[in-house]
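Text of start_31.cif (mmCIF, C-alpha atoms) as supplied:
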```
data_my_file
loop_
_atom_site.label_atom_id
_atom_site.label_comp_id
_atom_site.auth_asym_id
_atom_site.auth_seq_id
_atom_site.Cartn_x
_atom_site.Cartn_y
_atom_site.Cartn_z
CA TYR A 1 52.86 84.16 87.95
CA ARG A 2 49.77 83.40 85.90
CA SER A 3 51.82 82.55 82.82
CA ARG A 4 55.21 81.52 84.22
CA HIS A 5 54.51 79.56 87.42
CA SER A 6 56.08 76.12 87.63
CA PHE A 7 56.05 73.47 90.33
CA ALA A 8 59.62 72.60 89.31
CA ASP A 9 61.05 76.05 90.09
CA ARG A 10 63.90 76.23 92.55
CA LEU A 11 62.87 76.02 96.19
CA TYR A 12 64.58 78.67 98.31
CA ASN A 13 65.32 78.19 101.99
CA PRO A 14 64.56 81.48 103.79
CA ARG A 15 66.46 80.27 106.85
CA SER A 16 69.78 79.57 105.15
CA GLY A 17 72.87 81.51 106.18
CA MET A 18 72.05 84.51 108.35
CA GLY A 19 68.38 83.61 107.94
CA ILE A 20 68.68 81.43 111.04
CA PHE A 21 68.19 84.60 113.08
CA TYR A 22 64.89 85.42 111.41
CA ARG A 23 61.84 84.73 113.56
CA TRP A 24 61.08 81.00 113.50
CA LYS A 25 57.35 80.50 113.18
CA PRO A 26 55.92 77.95 110.71
CA ARG A 27 52.80 79.32 109.06
CA ASN A 28 49.42 77.92 110.01
CA PRO A 29 47.22 78.63 106.93
CA ARG A 30 44.04 77.58 108.71
CA ARG A 31 44.62 79.97 111.62
CA LEU A 32 45.78 82.84 109.39
CA SER A 33 42.70 82.45 107.19
CA ALA A 34 40.38 82.43 110.20
CA GLU A 35 41.98 85.62 111.52
CA LYS A 36 41.23 87.32 108.19
CA GLY A 37 37.67 86.01 108.02
CA ILE A 38 38.44 83.50 105.27
CA PRO A 39 36.45 80.30 105.97
CA VAL A 40 38.49 77.98 103.74
CA PRO A 41 42.19 78.51 102.92
CA ALA A 42 42.86 78.70 99.17
CA VAL A 43 45.91 76.85 97.86
CA HIS A 44 47.26 77.00 94.32
CA VAL A 45 47.23 73.64 92.58
CA SER A 46 50.96 73.95 91.84
CA VAL A 47 51.57 73.18 95.53
CA LEU A 48 50.16 69.68 95.09
CA GLU A 49 51.96 69.30 91.77
CA ARG A 50 55.21 70.04 93.57
CA ILE A 51 54.32 67.54 96.30
CA LEU A 52 53.69 64.83 93.71
CA GLN A 53 56.91 65.49 91.80
CA ALA A 54 58.83 66.17 95.04
CA PRO A 55 61.66 68.28 93.59
CA GLU A 56 64.30 68.74 96.30
CA GLY A 57 62.25 66.46 98.55
CA TYR A 58 59.37 68.92 98.85
CA ALA A 59 56.94 67.66 101.51
CA PRO A 60 55.10 70.41 103.41
CA GLY A 61 53.49 69.71 106.74
CA ASN A 62 51.21 72.72 107.05
CA LEU A 63 48.84 72.06 104.15
CA PRO A 64 45.39 72.30 105.79
CA PRO A 65 43.07 69.31 105.26
CA ASP A 66 40.11 71.63 104.60
CA CYS A 67 41.74 73.73 101.87
CA ALA A 68 40.26 74.69 98.50
CA PHE A 69 42.45 74.42 95.42
CA VAL A 70 42.59 77.20 92.85
CA THR A 71 44.28 77.53 89.50
CA THR A 72 45.33 80.45 87.33
CA GLU A 73 44.96 78.52 84.08
CA ALA A 74 42.10 79.38 81.74
CA ASP A 75 41.33 75.69 81.19
CA PRO A 76 42.99 73.64 83.95
CA MET A 77 41.29 70.38 82.89
CA LEU A 78 41.05 69.14 86.46
CA ASP A 79 38.40 68.94 89.16
CA VAL A 80 39.60 71.08 92.06
CA ILE A 81 36.74 69.84 94.27
CA THR A 82 37.83 66.23 93.83
CA LEU A 83 41.39 67.30 94.49
CA ALA A 84 40.46 69.02 97.75
CA GLY A 85 38.49 65.94 98.79
CA ALA A 86 41.48 63.69 98.17
CA VAL A 87 43.70 65.85 100.37
CA ALA A 88 41.07 65.91 103.12
CA ASN A 89 40.63 62.13 102.99
CA ALA A 90 44.39 61.62 103.20
CA HIS A 91 44.46 63.60 106.45
CA GLY A 92 41.43 61.81 107.87
CA GLY A 93 38.75 64.38 107.09
CA ARG A 94 38.36 68.12 106.72
CA THR A 95 38.35 68.70 110.48
CA ALA A 96 41.55 66.73 111.06
CA LEU A 97 44.76 68.37 112.17
CA SER A 98 47.46 69.18 109.66
CA LEU A 99 50.73 67.26 109.80
CA ALA A 100 52.49 70.18 111.46
CA GLU A 101 49.79 70.42 114.11
CA LYS A 102 50.15 66.71 114.83
CA GLN A 103 53.90 67.19 115.19
CA GLY A 104 53.46 70.09 117.60
CA GLN A 105 56.07 68.85 120.08
CA TRP A 106 58.73 68.66 117.39
CA VAL A 107 57.77 72.09 116.12
CA LYS A 108 58.40 73.34 119.66
CA VAL A 109 61.85 71.75 119.53
CA GLY A 110 62.53 73.76 116.38
CA PHE A 111 61.42 76.93 118.15
CA ALA A 112 63.69 76.07 121.09
CA ALA A 113 66.57 75.80 118.61
CA TYR A 114 65.79 79.29 117.33
CA LEU A 115 65.70 80.69 120.88
CA THR A 116 69.03 79.00 121.60
CA PHE A 117 70.60 80.64 118.54
CA ILE A 118 69.34 84.04 119.66
CA ALA A 119 70.27 83.60 123.32
CA GLY A 120 73.79 82.42 122.53
CA THR A 121 74.45 85.23 120.08
CA ALA A 122 72.91 87.95 122.26
CA GLY A 123 74.76 86.66 125.33
CA ALA A 124 78.05 86.68 123.45
CA LEU A 125 77.54 90.26 122.27
CA LEU A 126 76.60 91.46 125.74
CA ALA A 127 79.58 89.67 127.29
CA ALA A 128 81.97 91.24 124.78
CA ILE A 129 80.54 94.71 125.37
CA ALA A 130 80.62 94.25 129.14
CA GLY A 131 84.24 93.14 128.92
CA ASN A 132 85.15 96.36 127.14
CA LEU A 133 83.32 98.50 129.69
CA TRP A 134 84.35 96.58 132.81
CA ASN A 135 87.15 98.90 133.94
CA THR A 136 85.52 102.20 133.01
CA THR A 137 84.72 104.62 135.83
CA SER A 138 82.78 107.35 134.05
CA ALA A 139 80.35 107.86 131.22
CA GLY A 140 83.10 109.38 129.12
CA ASP A 141 85.33 106.36 129.66
CA ALA A 142 82.45 104.06 128.73
CA VAL A 143 81.83 105.92 125.48
CA ARG A 144 85.51 105.84 124.57
CA ALA A 145 85.69 102.12 125.36
CA ALA A 146 82.56 101.32 123.34
CA LEU A 147 83.44 103.50 120.36
CA PRO A 148 85.89 101.01 118.80
CA LEU A 149 83.13 98.38 118.77
CA VAL A 150 80.90 100.46 116.51
CA GLN A 151 83.73 101.61 114.29
CA MET A 152 84.15 99.34 111.28
CA PHE A 153 81.00 97.52 112.39
CA PRO A 154 80.65 94.56 112.60
CA ILE A 155 84.31 93.55 112.22
CA ASN A 156 85.49 95.06 115.52
CA LEU A 157 82.50 93.67 117.39
CA VAL A 158 83.08 90.18 116.02
CA THR A 159 86.76 90.45 116.92
CA ALA A 160 85.82 91.45 120.46
CA VAL A 161 83.49 88.46 120.77
CA LEU A 162 86.09 86.01 119.51
CA GLY A 163 88.76 87.53 121.75
CA ASP A 164 86.69 87.26 124.91
CA PRO A 165 86.68 83.72 126.41
CA ILE A 166 83.24 84.08 127.98
CA ALA A 167 81.68 85.68 124.91
CA SER A 168 83.15 83.15 122.51
CA SER A 169 82.05 80.27 124.76
CA LEU A 170 78.48 81.58 124.83
CA LEU A 171 78.49 81.97 121.06
CA VAL A 172 79.81 78.46 120.40
CA ALA A 173 77.44 76.91 122.93
CA GLY A 174 74.40 78.75 121.59
CA LEU A 175 75.09 78.03 117.94
CA GLY A 176 76.20 74.46 118.58
CA PHE A 177 73.30 73.43 120.81
CA GLY A 178 70.83 75.28 118.60
CA TYR A 179 72.17 73.48 115.54
CA VAL A 180 71.70 70.10 117.21
CA LEU A 181 68.11 70.89 118.22
CA SER A 182 67.32 72.27 114.78
CA SER A 183 68.80 69.25 113.00
CA VAL A 184 66.88 66.77 115.17
CA SER A 185 63.60 68.64 114.71
CA ASP A 186 64.04 69.08 110.95
CA ARG A 187 65.04 65.47 110.39
CA HIS A 188 62.09 64.07 112.33
CA THR A 189 59.45 66.30 110.78
CA LYS A 190 60.80 65.82 107.26
CA GLU A 191 60.70 62.06 107.69
CA VAL A 192 57.08 62.19 108.90
CA TYR A 193 55.95 64.59 106.17
CA SER A 194 57.74 62.70 103.39
CA ALA A 195 56.35 59.34 104.52
CA PHE A 196 52.82 60.77 104.62
CA TRP A 197 52.88 62.18 101.10
CA HIS A 198 54.64 59.10 99.75
CA GLU A 199 51.84 56.93 101.11
CA HIS A 200 49.08 59.06 99.61
CA ARG A 201 50.81 60.01 96.36
CA PRO A 202 48.89 57.44 94.21
CA ALA A 203 45.52 58.82 95.33
CA MET A 204 46.71 62.38 94.78
CA ARG A 205 47.86 61.51 91.25
CA ASP A 206 44.46 60.04 90.43
CA ALA A 207 42.72 63.15 91.74
CA ILE A 208 44.94 65.60 89.88
CA ARG A 209 44.82 63.80 86.54
CA ARG A 210 43.95 66.36 83.91
CA THR A 211 41.01 65.42 81.69
CA PRO A 212 40.24 67.44 78.55
CA ALA A 213 36.67 68.63 78.21
CA ASP A 214 34.37 66.80 75.80
CA ALA A 215 34.19 68.06 72.25
CA PRO A 216 31.04 69.95 71.18
CA ASP A 217 29.70 66.76 69.55
CA GLY A 218 30.10 64.86 72.85
CA THR A 219 33.16 62.83 71.90
CA LYS A 220 36.01 62.45 74.37
CA GLN A 221 39.20 64.40 73.80
CA CYS A 222 42.52 62.56 74.04
#
```

Go ahead and render the structure in this file as C-alpha cells.
Amino acid sequence: YRSRHSFADRLYNPRSGMGIFYRWKPRNPRRLSAEKGIPVPAVHVSVLERILQAPEGYAPGNLPPDCAFVTTEADPMLDVITLAGAVANAHGGRTALSLAEKQGQWVKVGFAAYLTFIAGTAGALLAAIAGNLWNTTSAGDAVRAALPLVQMFPINLVTAVLGDPIASSLLVAGLGFGYVLSSVSDRHTKEVYSAFWHEHRPAMRDAIRRTPADAPDGTKQC
C-alpha cells in the first residue's frame, strides 16, 4: 500500500449481491478509536484525495471532524495539521457530529431495511421447512421429509421456498420492502453527503495543495 495506493482505485461495494445479508452497521471511527484507547482517529490522506476527485461519487459520511491525517509518502509536501483543521472547520468544529451521526434517523432506516431482508428470508425458509414437515407424525418421518431439502443444497431448498405460496410471499415481501427502505435511505444520505463535500471542496483543495519544501539556499521550489 505504501507504494501502490491510489485514490482513483476502484471502489468496491461490500453489500452488493449476496452481501445484502451481511450485518449492516456503518463504522463509527470516533467510537471505535475510543474503545481502543486511541484519542484521535487517524485517516490516510488518500481518503480526502478521493473525496476531492469523487470517483464513482465517493462522499463518505462517517469521516470524524476531529481526525488526524497521515501519509505513507516520504515527502508528502502537504501540511496534515492544516488539512485536519479544514475538515474540522467544515463540520463546525472538532467536537461536532459527523455527517452520519447527524443523519442518525436515516441510518436507522437503512438498518430497518437490513432487518427486513433477514426477516423475510428467514421467514420464507422456516415456512418452506414447516410445509415439508407439516404432515409428519414421527421423528423418522420428519427426518425423511427434511432430507431432500439438504440434498443438493441450496437448490432443493430454494425450490421448496418458491413452490410454497406462504414462503414465496414472505420472501418477496421481505426483499421488496427491504429494497424500498434501503433505496430511500441510501438516496437521502448520499444526497446529503455529496452536497456537504461539494460545498466544502474548494477549502479542502486549498488545504491539501502540495507545496515543495524550500531549497537549501532558501529559494522556493516550483

Select, from A:Gly104, A:Pro154, A:Gly123, A:Pro202, the residue with the minimum atom-to-atom distance to Ser168 in chain A, counting only C-alpha atoms.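 Of the candidates, the smallest distance to Ser168 in chain A is held by A:Gly123.
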
Using the chain letters and numbers from the file, give me the residues hit by the PyMOL selection byres ((chain A and resi 130-138) around 12), as a PyMOL selection string. chain A and resi 123-129+139-149+156-157+159-168

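Evaluated against this file, the PyMOL selection byres ((chain A and resi 42) around 7) yields Val40, Pro41, Val43, His44, Cys67, Ala68, Phe69 and Val70 of chain A.
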
Please evaluate the PyMOL selection byres ((chain A and resi 208) around 10) against the structure above and give the resulting residues as a list of chain:residue names. A:Val45, A:Leu48, A:Glu49, A:Leu52, A:Met77, A:Leu78, A:Asp79, A:Val80, A:Thr82, A:Leu83, A:Ala84, A:Ala86, A:Ala203, A:Met204, A:Arg205, A:Asp206, A:Ala207, A:Arg209, A:Arg210, A:Thr211

Within 10 Å of range 169-186 of chain A: each range 90-126 of chain A residue with its shortest pair, all atoms listed in the file, as a tab-separated table:
```
residue	atom	partner	partner_atom	distance
A:Gln103	CA	A:Ser185	CA	9.8
A:Gln105	CA	A:Ser185	CA	9.3
A:Trp106	CA	A:Ser185	CA	5.6
A:Val107	CA	A:Ser185	CA	6.9
A:Lys108	CA	A:Ser185	CA	8.6
A:Val109	CA	A:Ser185	CA	6.0
A:Gly110	CA	A:Ser182	CA	5.3
A:Phe111	CA	A:Ser182	CA	8.2
A:Ala112	CA	A:Leu181	CA	7.4
A:Ala113	CA	A:Gly178	CA	4.3
A:Tyr114	CA	A:Gly178	CA	6.6
A:Leu115	CA	A:Gly178	CA	7.8
A:Thr116	CA	A:Gly178	CA	5.1
A:Phe117	CA	A:Gly174	CA	5.2
A:Ile118	CA	A:Gly174	CA	7.6
A:Ala119	CA	A:Gly174	CA	6.6
A:Gly120	CA	A:Gly174	CA	3.8
A:Thr121	CA	A:Leu171	CA	5.3
A:Ala122	CA	A:Leu171	CA	8.3
A:Gly123	CA	A:Leu170	CA	6.3
A:Ala124	CA	A:Leu171	CA	5.3
A:Leu125	CA	A:Leu171	CA	8.4
```

Nearest to Ser98 in chain A: which of A:Arg30, A:Arg187, A:His200, A:Arg50 is it, counting only C-alpha atoms?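 Using only C-alpha atoms, the shortest distance to Ser98 in chain A belongs to A:Arg30.
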
Top pick for closest residue to Glu191 in chain A, considering A:Ala59, A:Ile20, A:Ile51, A:Ala34 and counting only C-alpha atoms: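 Of all the options, A:Ala59 lies closest to Glu191 in chain A.
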
Answer as a compact mmCIF listing (two decimals) with C-alpha atoms, in the frame of the given file, residues within 7 Å of (36.4, 70.3, 106.6) using only C-alpha atoms:
```
# COMPACT_ATOMS: atom_id res chain seq x y z
CA PRO A 65 43.07 69.31 105.26
CA ASP A 66 40.11 71.63 104.60
CA GLY A 93 38.75 64.38 107.09
CA ARG A 94 38.36 68.12 106.72
CA THR A 95 38.35 68.70 110.48
```

Rounded to one decimal, what separation in Å do you get between CA of Glu73 in chain A and CA of Val47 in chain A? 14.3 Å

So the first atom is CA of Tyr193 in chain A and the second is CA of Glu101 in chain A; what is the distance between them in Å, to one decimal place?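 Going from CA of Tyr193 in chain A over to CA of Glu101 in chain A, I get 11.6 Å.
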